[in-house]
Each structure stands twice: as C-alpha cells, then as structure tokens.
Amino acid sequence: MLLENKNVLIYGVRNKRSLAWGAAQSVAREGARLCLTYLSEREGDDVRKLVQELPNSESVLIVPCDLTVPEQVTSLHERIKEEFGTLDAMLHAVAFAKKEDLDGHYLDTSRDGFLLALEVSAFSFVTACKHAVPLMTNGGSLLTLTYQGSQRVVPNYNLMGVAKAALEASVRYLANDLGPQNIRVNAVSPGPTMTLSARGISGFVELHKLVTEKAPLRRNTNIEEVGDTVAFMASDYARGITGEILLVDAGVHILGS
Ligand code: IMJ
C-alpha cells in the first residue's frame with residue numbers, strides 16, 4: 001500500500017462523480033487515513049453517505065470548511081491536529097466562477113466576477129497550503145487540480161483559464177518556498193471529465209465527443225485514473241517531483257489540432 005500510515009486531507013468532494021471522490025477512493029485504498037471537507041450541511045449528508053463505501057469508513061474525519069472563511073479553516077486544522085497529529089498530503093479540488101463568466105467573451109468579465117473566481121479558485125489554494133504546512137512536520141505533498149485551458153484558449157473556459165493560470169503559477173512559487181521543508185507542491189491536470197462542474201457548460205458535450213475521437217487513448221479521462229495519479233503524487237514514489245503540472249488527459253495535450 002502506497003499511503004500506509006499517511007494522513008491525507010481532501011477538499012472538494014460533492015458527489016460520486018467528483019474528481020476529489022476519485023482521489024478519496026484511491027487514497028483510502030492505498031491505506032491512508034482521510035479527512036474530507038464539505039461546504040453546506042446538505043453536501044455534508046451526501047459526503048457522509050459516500051464515505052460508507054470506503055474501507056475503514058469509521059475512521060474518516062468529515063468536517064465542514066469553506067476556504068474563504070478563515071475561522072472555518074483554522075478550526076478544521078485544529079480538528080486534524082487533535083485527531084491525526086500530523087498531515088502528509090492535501091488535495092485542493094475547489095473552483096468557482098459565475099456561470100455568466102463561463103460563456104461569451106472574456107472581455108465582458110466583471111471586476112466582481114474576476115475577484116470571486118480568483119479568490120475561490122486560486123487564492124484558496126494558498127490558504128489551504130498555509131494551514132497545512134505547520135502540520136507537515138515530516139515533509140509532505142500539496143496538490144491541486146487544474147485544466148489546460150490555463151495555457152491554451154478553450155471555448156467558454158474564459159475567466160477560469162485566467163484563474164487556473166494564477167493557480168499554476170502559485171504551484172511553482174509555493175514549490176520554491178516549501179522545498180527546503182521537503183514539502184512538494186504540484187498540480188494534476190485532467191482532460192475534460194463528466195463532473196458536476198463540467199456538465200451544463202455550453203460546448204462541453206461536443207468537446208467530450210471530440211476527445212473520444214481524437215485522443216491518443218480514444219477516450220475521455222475518468223475520475224479513477226485521476227485519483228490514482230493523486231495517490232501516486234501524494235506518495236513517496238513521487239518524492240523527486242515538485243512544481244509540476246502533470247497532465248492526465250488520455251494524451252490530448254500532444255495533439256496539434
Ligand atoms: C468549464 C467551463 C467552460 C469550459 C470547460 C469547463 N471545459 C471543461 C470545464 C472544457 C473541461 C470544467 N473545468 C475544467 C472547470 O474548471 C470548471 C470550473 C467551474 C465550473 C462551474 C459550473 C457551474 C458554475 N460555476 C463554475 N465554476 C467553475 O456556476
């Protein structure tokens with residue numbers, strides 16, 4: 001088991017299709033002790049139900065936490081310190097932009113929408129890292145999820161592309177800050193995946209179909225393979241990797257058109 005005796009914190013499980021849920025399953029299977037967070041009480045009920053499917057479900061810590069509310073982040077980490085003592089890995093699978101900012105022209109982005117998307121999708125990773133670091137006394141692995149729309153123009157990704165560019169640059173600066181403490185900082189970048197965050201986005205279904213036809217592996221990315229990559233990146237097998245944006249996209253990124 002890759003993660004035996006390791007403690008892992010995961011933000012962003014919402015339902016069984018969540019990339020964070022794929023990660024929770026892989027990480028639990030590899031023997032880690034888990035803490036999962038949720039936003040609202042309703043989502044808390046859903047997460048508690050999902051967790052029953054995990055091995056050792058009774059030892060999973062489930063705590064409410066909105067990364068934009070400092071007191072909630074502080075009390076989450078107090079709980080983790082009490083229950084786990086230390087932390088070995090953290091996955092941040094959190095993003096939000098207003099629906100109106102994921103359509104039409106990027107030129108029409110409002111100041112409010114911009115600040116919200118960058119706060120929730122990029123600065124929240126800095127917050128999560130800042131709080132995790134004091135518990136990573138034996139080194140650690142800090143992880144986030146990104147998307148290739150940060151580097152290339154993808155129809156309608158718009159403001160999220162800009163937020164993910166800030167997130168990816170944060171990964172590099174944080175990796176440089178924390179390397180001396182043997183804390184690695186990386187992002188996993190999945191191809192288009194059928195999650196709640198992607199369905200309902202205009203053009204998503206068409207893009208999904210195009211990937212099935214053109215991707216070197218002739219299929220889309222699934223949450224299980226992204227989860228296994230997260231487990232690897234959290235483990236000591238990835239001990240030489242930091243500051244990296246790792247694409248897990250069935251090969252789509254190598255294509256020219
Ligand atoms: C999102 C928008 C436009 C194109 C998109 C996506 N493509 C993909 C996504 C091609 C794969 C999904 N993605 C990578 C995201 O980061 C999604 C973030 C997101 C989604 C929503 C939908 C509902 C809402 N706000 C959101 N904020 C961020 O209200």
# chains A, B, ... in the order shown; residues from 1 in each chain; ligands from 1

call {"tool": "closest_atom_pairs", "arguments": {"of": "chain A", "to": "ligand 1", "cutoff": "10 Å", "atoms": "only C-alpha atoms and all ligand atoms", "output": "CSV"}}
result
residue,atom,partner,partner_atom_place_in_ligand_line,distance
A:Ala93,CA,ligand 1,16 (O),9.6
A:Val94,CA,ligand 1,18 (C),8.6
A:Ala95,CA,ligand 1,28 (C),5.2
A:Phe96,CA,ligand 1,27 (N),3.5
A:Ala97,CA,ligand 1,27 (N),3.8
A:Lys98,CA,ligand 1,25 (N),5.0
A:Lys99,CA,ligand 1,29 (O),4.2
A:Glu100,CA,ligand 1,29 (O),8.0
A:Asp101,CA,ligand 1,25 (N),8.3
A:Leu102,CA,ligand 1,2 (C),5.3
A:Asp103,CA,ligand 1,3 (C),7.2
A:Ala117,CA,ligand 1,27 (N),7.6
A:Val120,CA,ligand 1,27 (N),9.3
A:Ser121,CA,ligand 1,28 (C),8.0
A:Leu145,CA,ligand 1,16 (O),8.4
A:Thr146,CA,ligand 1,16 (O),6.8
A:Tyr147,CA,ligand 1,14 (C),5.1
A:Gln148,CA,ligand 1,14 (C),7.9
A:Gly149,CA,ligand 1,14 (C),7.4
A:Ser150,CA,ligand 1,14 (C),9.4
A:Val153,CA,ligand 1,10 (C),9.8
A:Val154,CA,ligand 1,10 (C),6.2
A:Pro155,CA,ligand 1,4 (C),6.2
A:Asn156,CA,ligand 1,3 (C),4.5
A:Tyr157,CA,ligand 1,3 (C),3.7
A:Asn158,CA,ligand 1,3 (C),7.1
A:Leu159,CA,ligand 1,2 (C),8.8
A:Met160,CA,ligand 1,16 (O),6.2
A:Gly161,CA,ligand 1,16 (O),7.9
A:Ala163,CA,ligand 1,16 (O),9.2
A:Lys164,CA,ligand 1,16 (O),7.8
A:Ser189,CA,ligand 1,14 (C),8.7
A:Pro190,CA,ligand 1,14 (C),7.9
A:Gly191,CA,ligand 1,11 (C),6.4
A:Pro192,CA,ligand 1,11 (C),3.8
A:Thr193,CA,ligand 1,11 (C),6.2
A:Met194,CA,ligand 1,11 (C),8.2
A:Thr195,CA,ligand 1,12 (C),7.8
A:Leu196,CA,ligand 1,22 (C),7.3
A:Ser197,CA,ligand 1,20 (C),4.1
A:Ala198,CA,ligand 1,12 (C),4.2
A:Arg199,CA,ligand 1,22 (C),7.5
A:Gly200,CA,ligand 1,22 (C),7.3
A:Ile201,CA,ligand 1,2 (C),5.5
A:Ser202,CA,ligand 1,3 (C),7.0
A:Gly203,CA,ligand 1,4 (C),7.2
A:Phe204,CA,ligand 1,10 (C),5.5
A:Val205,CA,ligand 1,10 (C),8.9
A:Glu206,CA,ligand 1,10 (C),9.4
A:Leu207,CA,ligand 1,10 (C),6.7
A:His208,CA,ligand 1,10 (C),8.1

call {"tool": "residues_around", "arguments": {"residues": "Asp236 in chain A", "least_positions_apart": "4", "cutoff": "10 Å", "atoms": "only C-alpha atoms", "output": "list in words"}}
result
Leu2, Leu3, Gly140, Ser141, Ala231, Phe232, Gly240 and Ile241 of chain A

call {"tool": "write_last_selection", "arguments": {"atoms": "N, CA and C atoms", "output": "compact mmCIF listing (two decimals), in the first residue's frame"}}
result
# COMPACT_ATOMS: atom_id res chain seq x y z
N LEU A 2 0.53 2.14 -0.95
CA LEU A 2 1.34 3.34 -1.21
C LEU A 2 1.31 4.36 -0.07
N LEU A 3 0.20 4.41 0.66
CA LEU A 3 -0.01 5.51 1.61
C LEU A 3 -0.27 5.03 3.04
N GLY A 140 5.90 16.70 3.06
CA GLY A 140 4.52 16.46 2.63
C GLY A 140 4.32 16.74 1.16
N SER A 141 3.06 16.53 0.74
CA SER A 141 2.70 16.72 -0.66
C SER A 141 1.42 17.55 -0.74
N ALA A 231 -2.97 9.68 -5.81
CA ALA A 231 -2.37 8.78 -4.81
C ALA A 231 -0.86 8.67 -5.03
N PHE A 232 -0.45 8.52 -6.29
CA PHE A 232 0.98 8.47 -6.61
C PHE A 232 1.69 9.76 -6.21
N GLY A 240 10.67 12.98 -5.90
CA GLY A 240 11.52 13.89 -6.67
C GLY A 240 10.74 14.91 -7.50
N ILE A 241 9.42 14.92 -7.38
CA ILE A 241 8.59 15.78 -8.24
C ILE A 241 8.03 16.95 -7.45

call {"tool": "atom_distance", "arguments": {"atom1": "CA of Arg239 in chain A", "atom2": "CA of Tyr173 in chain A"}}
result
18.0 Å

call {"tool": "residues_around", "arguments": {"residues": "Glu83 in chain A", "least_positions_apart": "3", "cutoff": "10 Å", "atoms": "only C-alpha atoms", "output": "PDB file with all heavy atoms, in the first residue's frame"}}
result
ATOM      1  N   CYS A  35      -9.234  12.833   5.846  1.00  0.00           N
ATOM      2  CA  CYS A  35     -10.159  13.878   6.279  1.00  0.00           C
ATOM      3  C   CYS A  35     -10.780  14.490   5.032  1.00  0.00           C
ATOM      4  O   CYS A  35     -10.056  14.909   4.126  1.00  0.00           O
ATOM      5  CB  CYS A  35      -9.441  14.952   7.100  1.00  0.00           C
ATOM      6  SG  CYS A  35     -10.527  16.334   7.531  1.00  0.00           S
ATOM      7  N   SER A  59     -13.142   5.541  10.339  1.00  0.00           N
ATOM      8  CA  SER A  59     -12.002   6.372  10.753  1.00  0.00           C
ATOM      9  C   SER A  59     -11.847   7.633   9.893  1.00  0.00           C
ATOM     10  O   SER A  59     -10.920   8.417  10.093  1.00  0.00           O
ATOM     11  CB  SER A  59     -10.711   5.547  10.696  1.00  0.00           C
ATOM     12  OG  SER A  59     -10.363   5.312   9.348  1.00  0.00           O
ATOM     13  N   LEU A  61     -12.479  11.313   8.887  1.00  0.00           N
ATOM     14  CA  LEU A  61     -12.899  12.551   9.551  1.00  0.00           C
ATOM     15  C   LEU A  61     -13.639  13.404   8.518  1.00  0.00           C
ATOM     16  O   LEU A  61     -13.112  13.636   7.422  1.00  0.00           O
ATOM     17  CB  LEU A  61     -11.633  13.253  10.060  1.00  0.00           C
ATOM     18  CG  LEU A  61     -11.745  14.402  11.034  1.00  0.00           C
ATOM     19  CD1 LEU A  61     -12.441  13.964  12.309  1.00  0.00           C
ATOM     20  CD2 LEU A  61     -10.328  14.900  11.364  1.00  0.00           C
ATOM     21  N   HIS A  77      -8.194  22.707  10.925  1.00  0.00           N
ATOM     22  CA  HIS A  77      -6.826  22.253  11.204  1.00  0.00           C
ATOM     23  C   HIS A  77      -6.604  21.926  12.679  1.00  0.00           C
ATOM     24  O   HIS A  77      -5.796  21.062  13.003  1.00  0.00           O
ATOM     25  CB  HIS A  77      -5.807  23.241  10.623  1.00  0.00           C
ATOM     26  CG  HIS A  77      -5.732  23.144   9.124  1.00  0.00           C
ATOM     27  ND1 HIS A  77      -6.647  23.761   8.307  1.00  0.00           N
ATOM     28  CD2 HIS A  77      -4.904  22.438   8.317  1.00  0.00           C
ATOM     29  CE1 HIS A  77      -6.366  23.444   7.041  1.00  0.00           C
ATOM     30  NE2 HIS A  77      -5.320  22.658   7.021  1.00  0.00           N
ATOM     31  N   GLU A  78      -7.362  22.594  13.561  1.00  0.00           N
ATOM     32  CA  GLU A  78      -7.325  22.206  14.980  1.00  0.00           C
ATOM     33  C   GLU A  78      -7.851  20.782  15.148  1.00  0.00           C
ATOM     34  O   GLU A  78      -7.256  19.978  15.869  1.00  0.00           O
ATOM     35  CB  GLU A  78      -8.148  23.203  15.824  1.00  0.00           C
ATOM     36  CG  GLU A  78      -7.398  24.512  16.071  1.00  0.00           C
ATOM     37  CD  GLU A  78      -8.292  25.626  16.635  1.00  0.00           C
ATOM     38  OE1 GLU A  78      -9.501  25.382  16.882  1.00  0.00           O
ATOM     39  OE2 GLU A  78      -7.768  26.744  16.806  1.00  0.00           O
ATOM     40  N   ARG A  79      -8.956  20.477  14.458  1.00  0.00           N
ATOM     41  CA  ARG A  79      -9.517  19.106  14.494  1.00  0.00           C
ATOM     42  C   ARG A  79      -8.496  18.087  13.986  1.00  0.00           C
ATOM     43  O   ARG A  79      -8.283  17.039  14.589  1.00  0.00           O
ATOM     44  CB  ARG A  79     -10.768  18.999  13.594  1.00  0.00           C
ATOM     45  CG  ARG A  79     -12.082  19.393  14.215  1.00  0.00           C
ATOM     46  CD  ARG A  79     -12.512  18.541  15.397  1.00  0.00           C
ATOM     47  NE  ARG A  79     -12.792  17.118  15.152  1.00  0.00           N
ATOM     48  CZ  ARG A  79     -13.872  16.623  14.570  1.00  0.00           C
ATOM     49  NH1 ARG A  79     -14.813  17.428  14.127  1.00  0.00           N
ATOM     50  NH2 ARG A  79     -14.034  15.320  14.432  1.00  0.00           N
ATOM     51  N   ILE A  80      -7.853  18.403  12.837  1.00  0.00           N
ATOM     52  CA  ILE A  80      -6.888  17.463  12.251  1.00  0.00           C
ATOM     53  C   ILE A  80      -5.713  17.249  13.200  1.00  0.00           C
ATOM     54  O   ILE A  80      -5.246  16.125  13.390  1.00  0.00           O
ATOM     55  CB  ILE A  80      -6.413  17.960  10.865  1.00  0.00           C
ATOM     56  CG1 ILE A  80      -7.576  17.940   9.869  1.00  0.00           C
ATOM     57  CG2 ILE A  80      -5.247  17.115  10.355  1.00  0.00           C
ATOM     58  CD1 ILE A  80      -7.274  18.575   8.526  1.00  0.00           C
ATOM     59  N   THR A  86      -0.416  14.881  12.697  1.00  0.00           N
ATOM     60  CA  THR A  86       0.320  15.486  11.576  1.00  0.00           C
ATOM     61  C   THR A  86      -0.440  15.242  10.269  1.00  0.00           C
ATOM     62  O   THR A  86      -1.404  14.471  10.241  1.00  0.00           O
ATOM     63  CB  THR A  86       1.721  14.864  11.419  1.00  0.00           C
ATOM     64  OG1 THR A  86       1.556  13.467  11.163  1.00  0.00           O
ATOM     65  CG2 THR A  86       2.571  15.078  12.657  1.00  0.00           C
TER      66      THR A  86
END

call {"tool": "closest_residue", "arguments": {"among": "A:Gly256, A:Gly31, A:Gly44, A:Gly251", "to": "Asn5 in chain A", "atoms": "only C-alpha atoms"}}
result
A:Gly31

call {"tool": "select_by_dssp", "arguments": {"residues": "range 166-225 of chain A", "states": "alpha helix (DSSP H)", "output": "compact mmCIF listing (two decimals) with C-alpha atoms, in the first residue's frame"}}
result
# COMPACT_ATOMS: atom_id res chain seq x y z
CA ALA A 166 -2.75 32.06 -11.40
CA LEU A 167 -3.17 28.71 -9.64
CA GLU A 168 -0.41 27.06 -11.71
CA ALA A 169 1.98 29.95 -11.11
CA SER A 170 1.14 29.63 -7.38
CA VAL A 171 2.16 25.96 -7.55
CA ARG A 172 5.63 26.97 -8.79
CA TYR A 173 6.19 29.77 -6.25
CA LEU A 174 4.90 27.61 -3.37
CA ALA A 175 7.12 24.72 -4.50
CA ASN A 176 10.12 27.01 -4.28
CA ASP A 177 9.06 28.37 -0.85
CA LEU A 178 8.45 24.93 0.67
CA PHE A 204 -18.80 20.65 -23.17
CA VAL A 205 -20.70 17.70 -24.66
CA GLU A 206 -19.24 18.44 -28.12
CA LEU A 207 -15.70 18.70 -26.71
CA HIS A 208 -16.21 15.45 -24.82
CA LYS A 209 -17.21 13.70 -28.04
CA LEU A 210 -14.26 15.19 -29.96
CA VAL A 211 -11.85 13.85 -27.32
CA THR A 212 -13.31 10.34 -27.70
CA GLU A 213 -12.50 10.52 -31.42
CA LYS A 214 -9.09 12.25 -31.34
CA ILE A 223 -12.07 10.05 -12.02
CA GLU A 224 -10.44 6.70 -11.18
CA GLU A 225 -7.27 7.37 -13.19

call {"tool": "select_by_dssp", "arguments": {"residues": "range 18-128 of chain A", "states": "strand (DSSP E)", "output": "PyMOL selection string"}}
result
chain A and resi 33-38+61-64+89-92

call {"tool": "closest_residue", "arguments": {"among": "A:Val252, A:Ile10, A:Ala128, A:Leu247", "to": "Arg33 in chain A", "atoms": "only C-alpha atoms"}}
result
A:Ile10

call {"tool": "residues_around", "arguments": {"residues": "range 129-137 of chain A", "least_positions_apart": "4", "cutoff": "12 Å", "atoms": "only C-alpha atoms", "output": "JSON, numbers by chain"}}
result
{"A": [6, 7, 8, 9, 10, 11, 67, 70, 71, 72, 73, 74, 75, 76, 77, 78, 79, 80, 81, 82, 83, 84, 85, 86, 87, 88, 89, 90, 91, 92, 122, 123, 124, 125, 141, 142, 143, 144, 170, 171, 173, 174, 175, 177, 178, 179, 181, 182, 183, 184, 185, 186]}

call {"tool": "atom_distance", "arguments": {"atom1": "CA of Arg42 in chain A", "atom2": "CA of Val13 in chain A"}}
result
12.5 Å

call {"tool": "residues_around", "arguments": {"residues": "range 21-24 of chain A", "least_positions_apart": "2", "cutoff": "9 Å", "atoms": "only C-alpha atoms", "output": "number ranges by chain"}}
result
A: 8, 10, 12-19, 26-29, 34, 36, 50-51, 54, 91, 222-231

call {"tool": "decode", "arguments": {"residues": "range 25-46 of chain A", "atoms": "N, CA, C and O atoms", "output": "tab-separated table (two decimals), in the first residue's frame"}}
result
chain	number	residue	atom	x	y	z
A	25	GLN	N	-11.16	7.71	-3.02
A	25	GLN	CA	-11.21	6.25	-3.14
A	25	GLN	C	-9.81	5.65	-3.32
A	25	GLN	O	-9.45	4.66	-2.68
A	26	SER	N	-9.00	6.27	-4.21
A	26	SER	CA	-7.64	5.75	-4.45
A	26	SER	C	-6.78	5.86	-3.20
A	26	SER	O	-6.07	4.92	-2.84
A	27	VAL	N	-6.87	7.01	-2.56
A	27	VAL	CA	-6.05	7.29	-1.38
A	27	VAL	C	-6.44	6.37	-0.22
A	27	VAL	O	-5.57	5.84	0.48
A	28	ALA	N	-7.74	6.12	-0.06
A	28	ALA	CA	-8.21	5.22	1.00
A	28	ALA	C	-7.77	3.78	0.70
A	28	ALA	O	-7.30	3.07	1.59
A	29	ARG	N	-7.88	3.37	-0.54
A	29	ARG	CA	-7.46	2.02	-0.93
A	29	ARG	C	-5.97	1.80	-0.66
A	29	ARG	O	-5.54	0.70	-0.32
A	30	GLU	N	-5.18	2.86	-0.78
A	30	GLU	CA	-3.74	2.76	-0.54
A	30	GLU	C	-3.38	2.90	0.93
A	30	GLU	O	-2.21	3.05	1.28
A	31	GLY	N	-4.40	2.91	1.80
A	31	GLY	CA	-4.14	2.77	3.23
A	31	GLY	C	-4.06	4.05	4.04
A	31	GLY	O	-3.74	4.01	5.23
A	32	ALA	N	-4.35	5.22	3.42
A	32	ALA	CA	-4.23	6.48	4.16
A	32	ALA	C	-5.41	6.67	5.11
A	32	ALA	O	-6.50	6.15	4.89
A	33	ARG	N	-5.17	7.46	6.15
A	33	ARG	CA	-6.26	7.97	6.99
A	33	ARG	C	-6.72	9.29	6.38
A	33	ARG	O	-5.91	10.14	6.03
A	34	LEU	N	-8.05	9.44	6.23
A	34	LEU	CA	-8.59	10.55	5.43
A	34	LEU	C	-9.36	11.57	6.25
A	34	LEU	O	-10.09	11.21	7.18
A	35	CYS	N	-9.23	12.83	5.85
A	35	CYS	CA	-10.16	13.88	6.28
A	35	CYS	C	-10.78	14.49	5.03
A	35	CYS	O	-10.06	14.91	4.13
A	36	LEU	N	-12.11	14.52	4.96
A	36	LEU	CA	-12.82	15.14	3.84
A	36	LEU	C	-13.59	16.35	4.36
A	36	LEU	O	-14.12	16.32	5.47
A	37	THR	N	-13.65	17.40	3.53
A	37	THR	CA	-14.43	18.57	3.92
A	37	THR	C	-15.63	18.74	3.01
A	37	THR	O	-15.66	18.21	1.90
A	38	TYR	N	-16.63	19.47	3.50
A	38	TYR	CA	-17.81	19.80	2.68
A	38	TYR	C	-18.20	21.24	2.96
A	38	TYR	O	-17.80	21.83	3.96
A	39	LEU	N	-19.01	21.80	2.06
A	39	LEU	CA	-19.38	23.22	2.16
A	39	LEU	C	-20.64	23.43	3.00
A	39	LEU	O	-20.60	24.04	4.05
A	40	SER	N	-21.79	22.91	2.52
A	40	SER	CA	-23.06	23.14	3.22
A	40	SER	C	-23.50	21.85	3.90
A	40	SER	O	-23.01	20.77	3.56
A	41	GLU	N	-24.43	21.94	4.85
A	41	GLU	CA	-24.92	20.76	5.56
A	41	GLU	C	-25.51	19.72	4.60
A	41	GLU	O	-25.35	18.53	4.79
A	42	ARG	N	-26.18	20.22	3.56
A	42	ARG	CA	-26.78	19.28	2.59
A	42	ARG	C	-25.70	18.45	1.91
A	42	ARG	O	-25.83	17.24	1.76
A	43	GLU	N	-24.61	19.13	1.52
A	43	GLU	CA	-23.48	18.40	0.92
A	43	GLU	C	-22.83	17.48	1.94
A	43	GLU	O	-22.33	16.40	1.58
A	44	GLY	N	-22.86	17.87	3.21
A	44	GLY	CA	-22.31	17.04	4.28
A	44	GLY	C	-23.01	15.70	4.34
A	44	GLY	O	-22.36	14.65	4.47
A	45	ASP	N	-24.34	15.71	4.20
A	45	ASP	CA	-25.11	14.46	4.20
A	45	ASP	C	-24.68	13.57	3.04
A	45	ASP	O	-24.51	12.36	3.19
A	46	ASP	N	-24.52	14.18	1.85
A	46	ASP	CA	-24.10	13.41	0.67
A	46	ASP	C	-22.71	12.79	0.89
A	46	ASP	O	-22.48	11.62	0.55
